[in-house]
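Chemist: I'd like to ask you about the structure that follows.
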Amino acid sequence: MKRACVIGWPIAHSRSPLIHNFWLHLYGIEGSYTKEAVLPKDLNAFLASLEVQGFAGCNVTVPHKEKTFAAAVIHDPSATAVGAANTVWFENGRLACANTDTYGFMANLDATAPQWRENSGPVLVLGAGGSARAVVYGLLQAGREDIRVFNRSLERATELATHFSKGVTPLRWDERNDHVSNAALIINTTTLGLNGDGNPDIDFANAPKTAVAADLVYVPLETPFLKSAREQRLATVDGLGMLLHQAVPGFEKWFGVRPDVTPALRAHIVQEIGGS
Ligand SMILES: NC(=O)c1ccc[n+]([C@@H]2O[C@H](COP(=O)([O-])OP(=O)(O)OC[C@H]3O[C@@H](n4cnc5c(N)ncnc54)[C@H](OP(=O)(O)O)[C@@H]3O)[C@@H](O)[C@H]2O)c1
C-alpha cells in the first residue's frame, strides 16, 4: 500500500487529507494519506526516516517549509525560487522537494479567469510573505514584467523584489490604491480577511472593468476582499481553487495518477469546511 502524509506543528487544521483521500477513493488506489504532527526539533529525524516508515513522500506545512527545503538534496526550481518546500518525494532514495503553490495559484487562475492574460496593466500583489513569493514567481514565469508588491513592512517587499531582481517593484502598503486604475490583476496574499477578520481595503470602483481579483485566503470562501470586487462586477478567483490545484503534483508523484480538480472535489471540500 502506498502511503503519504502531511506534516506540520500543529497539524489538526490541515485540509490536505480531505483532498487526497477523495482522490484515493475516486481512483480506487490502495493507499493512505494521514496527518502527522511533527515537532520542529524532530523534523530532520522524521524526514530522514520517512521512506523507512513506508511513506512515498509528504506535504509540508507551517513551520517546516524552509527547514525541509534545506534538508532536501534535490530541489525543483519552484522550491528554489520560493526558498521553501511544501511537497517532498524520493528519487533513488534521495529526498526531493518542490513548492507547488506556484503551480496551484497559476493553474487555478487560468482555470477560473483565463482572460487575465489579455489584460496588459500592472499586476498588484498585496503582501510579501512566503505565498507572495510563490505567486510572484508564477507571474514572472507567465511573462509579466510589471509586478508591484505592496507590504506593511516595506523591507520585506524590498527583499522579495531583490530576490527576483527584475520586473518586481516594492511599494509602501499605503500606496496600494494609487495603482488600481489600470491594474490587470489584484492579488491578496496577506492574511487579511482570514476568518472574516480585516480587509486589504482596495478601491475596486476605481479599477478597470476587466481587472481580475484573486485571494489566497479561502476561509471564508468569499473574503471581504473578493466581496468588494464582486460588488464592482469584477471577475474573482478564490483561494480554495489554489489549495485544490497545489495538491495535484504531490498526488501524482506518490500515487502515480495525475488527479483532476473537479466540481465534485470542490463541493466535497466546501461541505467539509462549512463554506457556501
Ligand atoms: N489557497 C492556498 O492554497 C494558500 C496557499 C498558501 C497560503 N495561503 C494563505 O495565504 C495567506 C498568507 O500566507 P503566507 O504563508 O504568505 O503568510 P506569511 O508569510 O505569514 O505572510 C503574511 C503576509 O500578510 C501581511 N499581513 C498580516 N497582517 C497584516 C495587516 N494587518 N495588514 C497588512 N498586511 C498584513 C504580512 O505583512 P508583514 O510582512 O508586514 O507582516 C505578510 O505580507 C494565509 O492566509 C494562508 O493561509 C493560501
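Please note that chains go A, B, ... in the order of the C-alpha cells, that every chain numbers its residues from 1, and that ligands are numbered from 1 in the order shown.
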Using only C-alpha atoms, which protein or nucleic acid residues come within 12 Å of A:Ala214? Drop anything in the same chain fewer than 4 positions from it, and give the result as a PyMOL selection string.
Modeler: chain A and resi 105-106+108-110+112-113+116+123-126+135+184-190+218+221-230+234-242
Chemist: Taking only C-alpha atoms and all ligand atoms and a cut-off of 7 Å, can you tell me which residues surround ligand 1, written as a list in words?
Modeler: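 With only C-alpha atoms and all ligand atoms and a cut-off of 7 Å, ligand 1 is contacted by Asp101, Gly104, Gly127, Ala128, Gly129, Gly130, Ser131, Ala132, Asn151, Arg152, Ser153, Arg156, Thr189, Thr190, Thr191, Leu192, Leu194, Gly198, Pro200, Leu216, Val217, Tyr218, Gly239, Leu240, Gly241, Met242, Leu243 and Gln246 of chain A.
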Chemist: Report as a ChimeraX atom specification all protein, DNA and RNA residues lying within 12 Å of A:Ser165, evaluated on only C-alpha atoms, omitting residues in the same chain fewer than 5 positions from it.
Modeler: /A:81,136-137,140,145,147,158-160,170
Chemist: Would you write out those residues with all heavy atoms, as a short mmCIF file (atom, residue, chain, number, x, y, z; two decimals), in the first residue's frame?
Modeler:
```cif
data_model
loop_
_atom_site.label_atom_id
_atom_site.label_comp_id
_atom_site.auth_asym_id
_atom_site.auth_seq_id
_atom_site.Cartn_x
_atom_site.Cartn_y
_atom_site.Cartn_z
N ALA A 81 13.02 28.89 -6.12
CA ALA A 81 12.54 30.27 -6.31
C ALA A 81 11.90 30.81 -5.04
O ALA A 81 12.04 31.99 -4.72
CB ALA A 81 11.54 30.31 -7.46
N VAL A 136 4.52 35.53 -7.12
CA VAL A 136 5.35 36.39 -7.96
C VAL A 136 6.18 35.55 -8.94
O VAL A 136 6.30 35.87 -10.12
CB VAL A 136 6.26 37.31 -7.10
CG1 VAL A 136 7.36 37.97 -7.93
CG2 VAL A 136 5.42 38.37 -6.39
N TYR A 137 6.70 34.43 -8.46
CA TYR A 137 7.47 33.53 -9.35
C TYR A 137 6.60 33.05 -10.51
O TYR A 137 7.04 33.05 -11.67
CB TYR A 137 8.00 32.35 -8.52
CG TYR A 137 8.76 31.33 -9.33
CD1 TYR A 137 9.88 31.68 -10.08
CD2 TYR A 137 8.35 29.99 -9.35
CE1 TYR A 137 10.57 30.73 -10.83
CE2 TYR A 137 9.04 29.03 -10.08
CZ TYR A 137 10.16 29.41 -10.83
OH TYR A 137 10.83 28.47 -11.56
N LEU A 140 6.06 35.93 -12.99
CA LEU A 140 7.26 36.17 -13.79
C LEU A 140 7.41 35.10 -14.88
O LEU A 140 7.71 35.41 -16.02
CB LEU A 140 8.51 36.19 -12.89
CG LEU A 140 8.66 37.42 -11.99
CD1 LEU A 140 9.76 37.19 -10.96
CD2 LEU A 140 8.98 38.68 -12.83
N GLU A 145 5.92 41.63 -16.61
CA GLU A 145 7.14 42.42 -16.39
C GLU A 145 6.90 43.61 -15.47
O GLU A 145 7.81 44.39 -15.20
CB GLU A 145 7.66 42.91 -17.74
CG GLU A 145 8.18 41.76 -18.57
CD GLU A 145 8.54 42.16 -19.99
OE1 GLU A 145 8.10 43.22 -20.45
OE2 GLU A 145 9.26 41.36 -20.63
N ILE A 147 5.23 43.89 -11.97
CA ILE A 147 4.58 43.33 -10.78
C ILE A 147 4.90 44.28 -9.62
O ILE A 147 6.07 44.56 -9.34
CB ILE A 147 5.11 41.91 -10.48
CG1 ILE A 147 4.85 40.99 -11.69
CG2 ILE A 147 4.46 41.34 -9.22
CD1 ILE A 147 5.62 39.69 -11.65
N THR A 158 10.87 44.76 -0.29
CA THR A 158 12.14 45.05 -0.97
C THR A 158 12.99 43.78 -1.09
O THR A 158 13.59 43.51 -2.12
CB THR A 158 12.91 46.16 -0.21
OG1 THR A 158 12.04 47.27 -0.08
CG2 THR A 158 14.17 46.58 -0.93
N GLU A 159 13.00 43.00 0.00
CA GLU A 159 13.74 41.71 -0.03
C GLU A 159 13.20 40.81 -1.14
O GLU A 159 13.95 40.18 -1.87
CB GLU A 159 13.52 40.97 1.29
CG GLU A 159 14.60 41.15 2.31
CD GLU A 159 14.17 40.53 3.63
OE1 GLU A 159 13.56 39.44 3.63
OE2 GLU A 159 14.42 41.17 4.67
N LEU A 160 11.87 40.76 -1.23
CA LEU A 160 11.25 39.90 -2.26
C LEU A 160 11.63 40.38 -3.66
O LEU A 160 12.03 39.59 -4.52
CB LEU A 160 9.72 39.93 -2.08
CG LEU A 160 8.89 38.99 -2.95
CD1 LEU A 160 7.56 38.67 -2.27
CD2 LEU A 160 8.62 39.55 -4.33
N PRO A 170 8.95 47.04 -5.24
CA PRO A 170 8.40 47.08 -3.88
C PRO A 170 7.78 48.45 -3.60
O PRO A 170 8.37 49.47 -3.94
CB PRO A 170 9.64 46.86 -3.00
CG PRO A 170 10.79 47.34 -3.83
CD PRO A 170 10.41 47.26 -5.28
#
```
Chemist: List every residue of stretch 19-258 of chain A that DSSP, applied to the backbone, labels as alpha helix (DSSP H), and write the result as a short mmCIF file (atom, residue, chain, number, x, y, z; two decimals) with N, CA, C and O atoms, in the first residue's frame.
Modeler:
```cif
data_model
loop_
_atom_site.label_atom_id
_atom_site.label_comp_id
_atom_site.auth_asym_id
_atom_site.auth_seq_id
_atom_site.Cartn_x
_atom_site.Cartn_y
_atom_site.Cartn_z
N ILE A 19 -8.60 16.23 0.63
CA ILE A 19 -8.38 16.26 -0.83
C ILE A 19 -7.80 14.92 -1.30
O ILE A 19 -8.32 14.28 -2.22
N HIS A 20 -6.71 14.49 -0.67
CA HIS A 20 -6.02 13.28 -1.15
C HIS A 20 -6.86 12.02 -0.93
O HIS A 20 -6.84 11.11 -1.76
N ASN A 21 -7.59 11.96 0.19
CA ASN A 21 -8.42 10.77 0.41
C ASN A 21 -9.61 10.73 -0.55
O ASN A 21 -10.05 9.65 -0.94
N PHE A 22 -10.09 11.90 -0.97
CA PHE A 22 -11.14 11.96 -2.00
C PHE A 22 -10.61 11.32 -3.28
O PHE A 22 -11.25 10.48 -3.90
N TRP A 23 -9.40 11.71 -3.68
CA TRP A 23 -8.82 11.17 -4.92
C TRP A 23 -8.48 9.68 -4.79
O TRP A 23 -8.69 8.90 -5.73
N LEU A 24 -7.94 9.28 -3.63
CA LEU A 24 -7.60 7.85 -3.45
C LEU A 24 -8.84 7.00 -3.66
O LEU A 24 -8.81 5.97 -4.35
N HIS A 25 -9.95 7.46 -3.09
CA HIS A 25 -11.22 6.74 -3.21
C HIS A 25 -11.70 6.77 -4.67
O HIS A 25 -12.05 5.75 -5.25
N LEU A 26 -11.66 7.97 -5.28
CA LEU A 26 -12.16 8.14 -6.64
C LEU A 26 -11.42 7.25 -7.64
O LEU A 26 -12.03 6.63 -8.52
N LEU A 43 12.00 17.45 13.16
CA LEU A 43 11.78 17.46 11.71
C LEU A 43 12.84 16.67 10.93
O LEU A 43 12.50 15.82 10.11
N ASN A 44 14.11 16.96 11.19
CA ASN A 44 15.15 16.31 10.38
C ASN A 44 15.15 14.79 10.56
O ASN A 44 15.29 14.04 9.59
N ALA A 45 14.91 14.35 11.80
CA ALA A 45 14.86 12.91 12.05
C ALA A 45 13.64 12.30 11.35
O ALA A 45 13.72 11.20 10.78
N PHE A 46 12.53 13.02 11.35
CA PHE A 46 11.33 12.50 10.70
C PHE A 46 11.56 12.35 9.19
O PHE A 46 11.24 11.31 8.60
N LEU A 47 12.15 13.38 8.58
CA LEU A 47 12.39 13.32 7.13
C LEU A 47 13.39 12.21 6.80
O LEU A 47 13.25 11.50 5.81
N ALA A 48 14.39 12.04 7.67
CA ALA A 48 15.42 11.02 7.43
C ALA A 48 14.82 9.62 7.48
O ALA A 48 15.32 8.70 6.82
N LYS A 65 8.43 24.50 6.32
CA LYS A 65 8.69 24.59 4.88
C LYS A 65 10.14 24.97 4.54
O LYS A 65 10.72 24.40 3.61
N GLU A 66 10.72 25.90 5.28
CA GLU A 66 12.09 26.34 4.98
C GLU A 66 13.11 25.27 5.38
O GLU A 66 14.07 25.00 4.66
N LYS A 67 12.88 24.63 6.54
CA LYS A 67 13.85 23.62 7.01
C LYS A 67 13.79 22.37 6.14
O LYS A 67 14.80 21.68 5.95
N THR A 68 12.62 22.07 5.59
CA THR A 68 12.51 20.92 4.69
C THR A 68 13.27 21.22 3.39
O THR A 68 13.97 20.35 2.85
N PHE A 69 13.13 22.44 2.93
CA PHE A 69 13.89 22.86 1.73
C PHE A 69 15.38 22.65 1.97
O PHE A 69 16.10 22.10 1.13
N ALA A 70 15.84 23.05 3.16
CA ALA A 70 17.27 22.92 3.50
C ALA A 70 17.68 21.45 3.61
O ALA A 70 18.81 21.09 3.26
N ALA A 71 16.76 20.60 4.05
CA ALA A 71 17.11 19.19 4.26
C ALA A 71 17.11 18.39 2.95
O ALA A 71 17.76 17.35 2.86
N PRO A 77 12.91 23.73 -9.39
CA PRO A 77 13.09 25.18 -9.49
C PRO A 77 12.03 25.97 -8.70
O PRO A 77 12.32 27.06 -8.19
N SER A 78 10.83 25.42 -8.55
CA SER A 78 9.78 26.12 -7.80
C SER A 78 10.18 26.29 -6.34
O SER A 78 9.91 27.32 -5.72
N ALA A 79 10.81 25.28 -5.77
CA ALA A 79 11.23 25.37 -4.37
C ALA A 79 12.40 26.33 -4.23
O ALA A 79 12.45 27.13 -3.29
N THR A 80 13.31 26.29 -5.19
CA THR A 80 14.47 27.19 -5.13
C THR A 80 14.00 28.64 -5.24
O THR A 80 14.49 29.51 -4.51
N ALA A 81 13.02 28.89 -6.12
CA ALA A 81 12.54 30.27 -6.31
C ALA A 81 11.90 30.81 -5.04
O ALA A 81 12.04 31.99 -4.72
N VAL A 82 11.20 29.96 -4.32
CA VAL A 82 10.48 30.41 -3.13
C VAL A 82 11.35 30.28 -1.87
O VAL A 82 11.15 30.98 -0.88
N ASP A 101 2.80 25.68 -4.60
CA ASP A 101 1.90 26.83 -4.51
C ASP A 101 1.90 27.65 -5.80
O ASP A 101 0.88 28.21 -6.18
N THR A 102 3.05 27.73 -6.45
CA THR A 102 3.12 28.48 -7.71
C THR A 102 2.21 27.81 -8.74
O THR A 102 1.36 28.45 -9.36
N TYR A 103 2.40 26.50 -8.90
CA TYR A 103 1.56 25.76 -9.85
C TYR A 103 0.08 25.91 -9.47
O TYR A 103 -0.77 26.16 -10.33
N GLY A 104 -0.22 25.76 -8.18
CA GLY A 104 -1.62 25.81 -7.73
C GLY A 104 -2.26 27.16 -8.01
O GLY A 104 -3.39 27.22 -8.49
N PHE A 105 -1.51 28.22 -7.74
CA PHE A 105 -2.08 29.56 -7.96
C PHE A 105 -2.32 29.79 -9.45
O PHE A 105 -3.40 30.22 -9.86
N MET A 106 -1.32 29.50 -10.27
CA MET A 106 -1.44 29.80 -11.71
C MET A 106 -2.47 28.89 -12.38
O MET A 106 -3.24 29.35 -13.23
N ALA A 107 -2.49 27.62 -12.01
CA ALA A 107 -3.45 26.69 -12.64
C ALA A 107 -4.88 27.11 -12.29
O ALA A 107 -5.78 27.09 -13.15
N ASN A 108 -5.10 27.54 -11.06
CA ASN A 108 -6.44 27.96 -10.66
C ASN A 108 -6.84 29.26 -11.33
O ASN A 108 -7.98 29.42 -11.78
N LEU A 109 -5.87 30.17 -11.42
CA LEU A 109 -6.16 31.46 -12.08
C LEU A 109 -6.53 31.23 -13.54
O LEU A 109 -7.52 31.76 -14.05
N ASP A 110 -5.75 30.38 -14.22
CA ASP A 110 -6.02 30.11 -15.64
C ASP A 110 -7.33 29.34 -15.83
O ASP A 110 -8.02 29.51 -16.83
N ALA A 111 -7.68 28.50 -14.85
CA ALA A 111 -8.92 27.74 -14.98
C ALA A 111 -10.14 28.62 -14.70
O ALA A 111 -11.20 28.44 -15.31
N THR A 112 -9.99 29.59 -13.80
CA THR A 112 -11.16 30.36 -13.35
C THR A 112 -11.34 31.67 -14.12
O THR A 112 -12.47 32.05 -14.43
N GLY A 130 5.65 34.26 2.38
CA GLY A 130 6.03 33.07 1.61
C GLY A 130 5.12 32.85 0.41
O GLY A 130 5.60 32.54 -0.69
N SER A 131 3.83 33.02 0.59
CA SER A 131 2.92 32.75 -0.53
C SER A 131 3.07 33.82 -1.61
O SER A 131 2.87 33.53 -2.80
N ALA A 132 3.42 35.05 -1.23
CA ALA A 132 3.63 36.10 -2.24
C ALA A 132 4.81 35.72 -3.15
O ALA A 132 4.77 35.93 -4.36
N ARG A 133 5.83 35.12 -2.57
CA ARG A 133 6.99 34.68 -3.38
C ARG A 133 6.56 33.66 -4.43
O ARG A 133 6.98 33.71 -5.58
N ALA A 134 5.72 32.72 -3.99
CA ALA A 134 5.25 31.68 -4.92
C ALA A 134 4.44 32.31 -6.05
O ALA A 134 4.57 31.95 -7.22
N VAL A 135 3.60 33.28 -5.71
CA VAL A 135 2.74 33.94 -6.70
C VAL A 135 3.58 34.77 -7.66
O VAL A 135 3.41 34.71 -8.88
N VAL A 136 4.52 35.53 -7.12
CA VAL A 136 5.35 36.39 -7.96
C VAL A 136 6.18 35.55 -8.94
O VAL A 136 6.30 35.87 -10.12
N TYR A 137 6.70 34.43 -8.46
CA TYR A 137 7.47 33.53 -9.35
C TYR A 137 6.60 33.05 -10.51
O TYR A 137 7.04 33.05 -11.67
N GLY A 138 5.36 32.69 -10.22
CA GLY A 138 4.44 32.24 -11.28
C GLY A 138 4.14 33.34 -12.27
O GLY A 138 4.10 33.11 -13.50
N LEU A 139 3.96 34.56 -11.78
CA LEU A 139 3.65 35.69 -12.67
C LEU A 139 4.85 36.02 -13.56
O LEU A 139 4.69 36.31 -14.75
N LEU A 140 6.06 35.93 -12.99
CA LEU A 140 7.26 36.17 -13.79
C LEU A 140 7.41 35.10 -14.88
O LEU A 140 7.71 35.41 -16.02
N GLN A 141 7.14 33.87 -14.50
CA GLN A 141 7.21 32.77 -15.48
C GLN A 141 6.17 32.95 -16.59
O GLN A 141 6.39 32.53 -17.71
N LEU A 154 7.80 47.45 4.41
CA LEU A 154 8.39 47.71 3.08
C LEU A 154 9.68 46.91 2.90
O LEU A 154 10.01 46.45 1.80
N GLU A 155 10.39 46.70 4.02
CA GLU A 155 11.65 45.96 3.97
C GLU A 155 11.44 44.56 3.38
O GLU A 155 12.23 44.09 2.55
N ARG A 156 10.35 43.93 3.79
CA ARG A 156 10.09 42.57 3.30
C ARG A 156 9.74 42.58 1.80
O ARG A 156 10.14 41.69 1.04
N ALA A 157 9.02 43.62 1.36
CA ALA A 157 8.69 43.75 -0.07
C ALA A 157 9.97 43.98 -0.87
O ALA A 157 10.15 43.45 -1.97
N THR A 158 10.87 44.76 -0.29
CA THR A 158 12.14 45.05 -0.97
C THR A 158 12.99 43.78 -1.09
O THR A 158 13.59 43.51 -2.12
N GLU A 159 13.00 43.00 0.00
CA GLU A 159 13.74 41.71 -0.03
C GLU A 159 13.20 40.81 -1.14
O GLU A 159 13.95 40.18 -1.87
N LEU A 160 11.87 40.76 -1.23
CA LEU A 160 11.25 39.90 -2.26
C LEU A 160 11.63 40.38 -3.66
O LEU A 160 12.03 39.59 -4.52
N ALA A 161 11.56 41.69 -3.87
CA ALA A 161 11.89 42.24 -5.19
C ALA A 161 13.36 41.98 -5.52
O ALA A 161 13.70 41.60 -6.65
N THR A 162 14.23 42.13 -4.54
CA THR A 162 15.66 41.92 -4.77
C THR A 162 15.92 40.45 -5.11
O THR A 162 16.73 40.14 -5.98
N HIS A 163 15.20 39.57 -4.44
CA HIS A 163 15.35 38.13 -4.67
C HIS A 163 15.09 37.78 -6.14
O HIS A 163 15.78 36.95 -6.73
N PHE A 164 14.08 38.44 -6.74
CA PHE A 164 13.73 38.12 -8.13
C PHE A 164 14.44 39.02 -9.13
O PHE A 164 14.35 38.80 -10.34
N PRO A 224 -13.86 39.39 2.46
CA PRO A 224 -14.28 40.79 2.27
C PRO A 224 -13.66 41.40 1.01
O PRO A 224 -14.30 42.17 0.29
N PHE A 225 -12.41 41.02 0.71
CA PHE A 225 -11.70 41.49 -0.50
C PHE A 225 -12.45 41.07 -1.77
O PHE A 225 -12.74 41.87 -2.65
N LEU A 226 -12.81 39.78 -1.84
CA LEU A 226 -13.50 39.28 -3.04
C LEU A 226 -14.92 39.83 -3.13
O LEU A 226 -15.43 40.09 -4.22
N LYS A 227 -15.54 40.02 -1.98
CA LYS A 227 -16.91 40.56 -1.97
C LYS A 227 -16.90 41.98 -2.56
O LYS A 227 -17.73 42.30 -3.42
N SER A 228 -15.92 42.81 -2.14
CA SER A 228 -15.89 44.18 -2.70
C SER A 228 -15.62 44.15 -4.19
O SER A 228 -16.16 44.97 -4.93
N ALA A 229 -14.78 43.21 -4.67
CA ALA A 229 -14.52 43.11 -6.11
C ALA A 229 -15.78 42.68 -6.85
O ALA A 229 -16.14 43.23 -7.90
N ARG A 230 -16.46 41.68 -6.30
CA ARG A 230 -17.69 41.20 -6.96
C ARG A 230 -18.74 42.29 -7.02
O ARG A 230 -19.46 42.43 -8.02
N GLU A 231 -18.83 43.09 -5.97
CA GLU A 231 -19.83 44.16 -5.96
C GLU A 231 -19.57 45.20 -7.05
O GLU A 231 -20.47 45.92 -7.46
N GLY A 239 -9.39 31.38 -2.97
CA GLY A 239 -8.20 30.63 -2.56
C GLY A 239 -8.39 29.13 -2.51
O GLY A 239 -7.41 28.38 -2.52
N LEU A 240 -9.64 28.67 -2.46
CA LEU A 240 -9.84 27.23 -2.38
C LEU A 240 -9.35 26.53 -3.65
O LEU A 240 -8.76 25.45 -3.59
N GLY A 241 -9.59 27.16 -4.80
CA GLY A 241 -9.14 26.57 -6.06
C GLY A 241 -7.63 26.35 -6.05
O GLY A 241 -7.13 25.32 -6.51
N MET A 242 -6.88 27.31 -5.50
CA MET A 242 -5.42 27.17 -5.41
C MET A 242 -5.06 25.98 -4.53
O MET A 242 -4.17 25.18 -4.86
N LEU A 243 -5.76 25.87 -3.40
CA LEU A 243 -5.48 24.75 -2.48
C LEU A 243 -5.68 23.40 -3.19
O LEU A 243 -4.89 22.47 -3.02
N LEU A 244 -6.73 23.30 -3.99
CA LEU A 244 -7.01 22.03 -4.69
C LEU A 244 -5.95 21.77 -5.76
O LEU A 244 -5.42 20.66 -5.85
N HIS A 245 -5.63 22.78 -6.55
CA HIS A 245 -4.66 22.58 -7.64
C HIS A 245 -3.25 22.31 -7.11
O HIS A 245 -2.51 21.52 -7.72
N GLN A 246 -2.87 22.94 -5.98
CA GLN A 246 -1.50 22.72 -5.49
C GLN A 246 -1.28 21.28 -5.04
O GLN A 246 -0.16 20.82 -4.91
N VAL A 248 -2.23 18.62 -6.72
CA VAL A 248 -2.13 17.71 -7.87
C VAL A 248 -0.73 17.10 -8.05
O VAL A 248 -0.59 15.87 -8.14
N PRO A 249 0.34 17.92 -8.09
CA PRO A 249 1.66 17.32 -8.37
C PRO A 249 2.10 16.30 -7.32
O PRO A 249 2.72 15.29 -7.66
N GLY A 250 1.81 16.55 -6.05
CA GLY A 250 2.21 15.62 -4.99
C GLY A 250 1.49 14.28 -5.15
O GLY A 250 2.12 13.22 -5.10
N PHE A 251 0.17 14.34 -5.36
CA PHE A 251 -0.60 13.10 -5.52
C PHE A 251 -0.03 12.27 -6.67
O PHE A 251 0.14 11.05 -6.56
N GLU A 252 0.30 12.94 -7.77
CA GLU A 252 0.85 12.23 -8.94
C GLU A 252 2.19 11.57 -8.60
O GLU A 252 2.44 10.42 -8.96
N LYS A 253 3.05 12.30 -7.88
CA LYS A 253 4.36 11.74 -7.51
C LYS A 253 4.20 10.50 -6.63
O LYS A 253 4.89 9.50 -6.82
N TRP A 254 3.32 10.58 -5.63
CA TRP A 254 3.23 9.50 -4.64
C TRP A 254 2.40 8.32 -5.11
O TRP A 254 2.71 7.17 -4.83
N PHE A 255 1.31 8.60 -5.85
CA PHE A 255 0.34 7.54 -6.16
C PHE A 255 0.29 7.18 -7.64
O PHE A 255 -0.45 6.27 -8.04
#
```
Chemist: Just to confirm, what's the straight-line distance from atom CA of A:Val88 to atom CA of A:Asn59 in Å (one decimal)?
Modeler: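 For atom CA of A:Val88 relative to atom CA of A:Asn59, the distance reads 6.4 Å.
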Chemist: Can you work out which one of A:His268, A:Arg144, A:Arg172, A:His75 has the shortest atom-to-atom distance to A:Ala96, counting only C-alpha atoms?
Modeler: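 Nearest candidate to A:Ala96 out of A:His268, A:Arg144, A:Arg172, A:His75: A:His75.
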Chemist: Please identify all polymer residues within 7 Å of A:Ala4, counting only C-alpha atoms, omitting same-chain residues fewer than 4 positions from it, and present them as a PyMOL selection string.
Modeler: chain A and resi 32-34+55-58+254
Chemist: How about saving the chosen residues, N, CA and C atoms kept, as a compact mmCIF listing (two decimals), in the first residue's frame?
Modeler:
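Now in selection-v1.txt:
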```txt
# COMPACT_ATOMS: atom_id res chain seq x y z
N SER A 32 -2.92 5.48 1.54
CA SER A 32 -3.42 6.27 2.65
C SER A 32 -2.72 7.62 2.66
N TYR A 33 -3.39 8.61 3.23
CA TYR A 33 -2.83 9.95 3.39
C TYR A 33 -3.26 10.42 4.77
N THR A 34 -2.28 10.62 5.64
CA THR A 34 -2.59 10.92 7.04
C THR A 34 -1.96 12.25 7.48
N PHE A 55 6.60 5.78 3.77
CA PHE A 55 5.96 6.89 3.06
C PHE A 55 6.64 7.13 1.71
N ALA A 56 5.81 7.36 0.67
CA ALA A 56 6.36 7.74 -0.64
C ALA A 56 6.76 9.20 -0.64
N GLY A 57 6.25 9.97 0.33
CA GLY A 57 6.58 11.38 0.44
C GLY A 57 5.56 12.06 1.32
N CYS A 58 5.61 13.39 1.35
CA CYS A 58 4.64 14.11 2.18
C CYS A 58 4.47 15.55 1.74
N TRP A 254 3.32 10.58 -5.63
CA TRP A 254 3.23 9.50 -4.64
C TRP A 254 2.40 8.32 -5.11
```
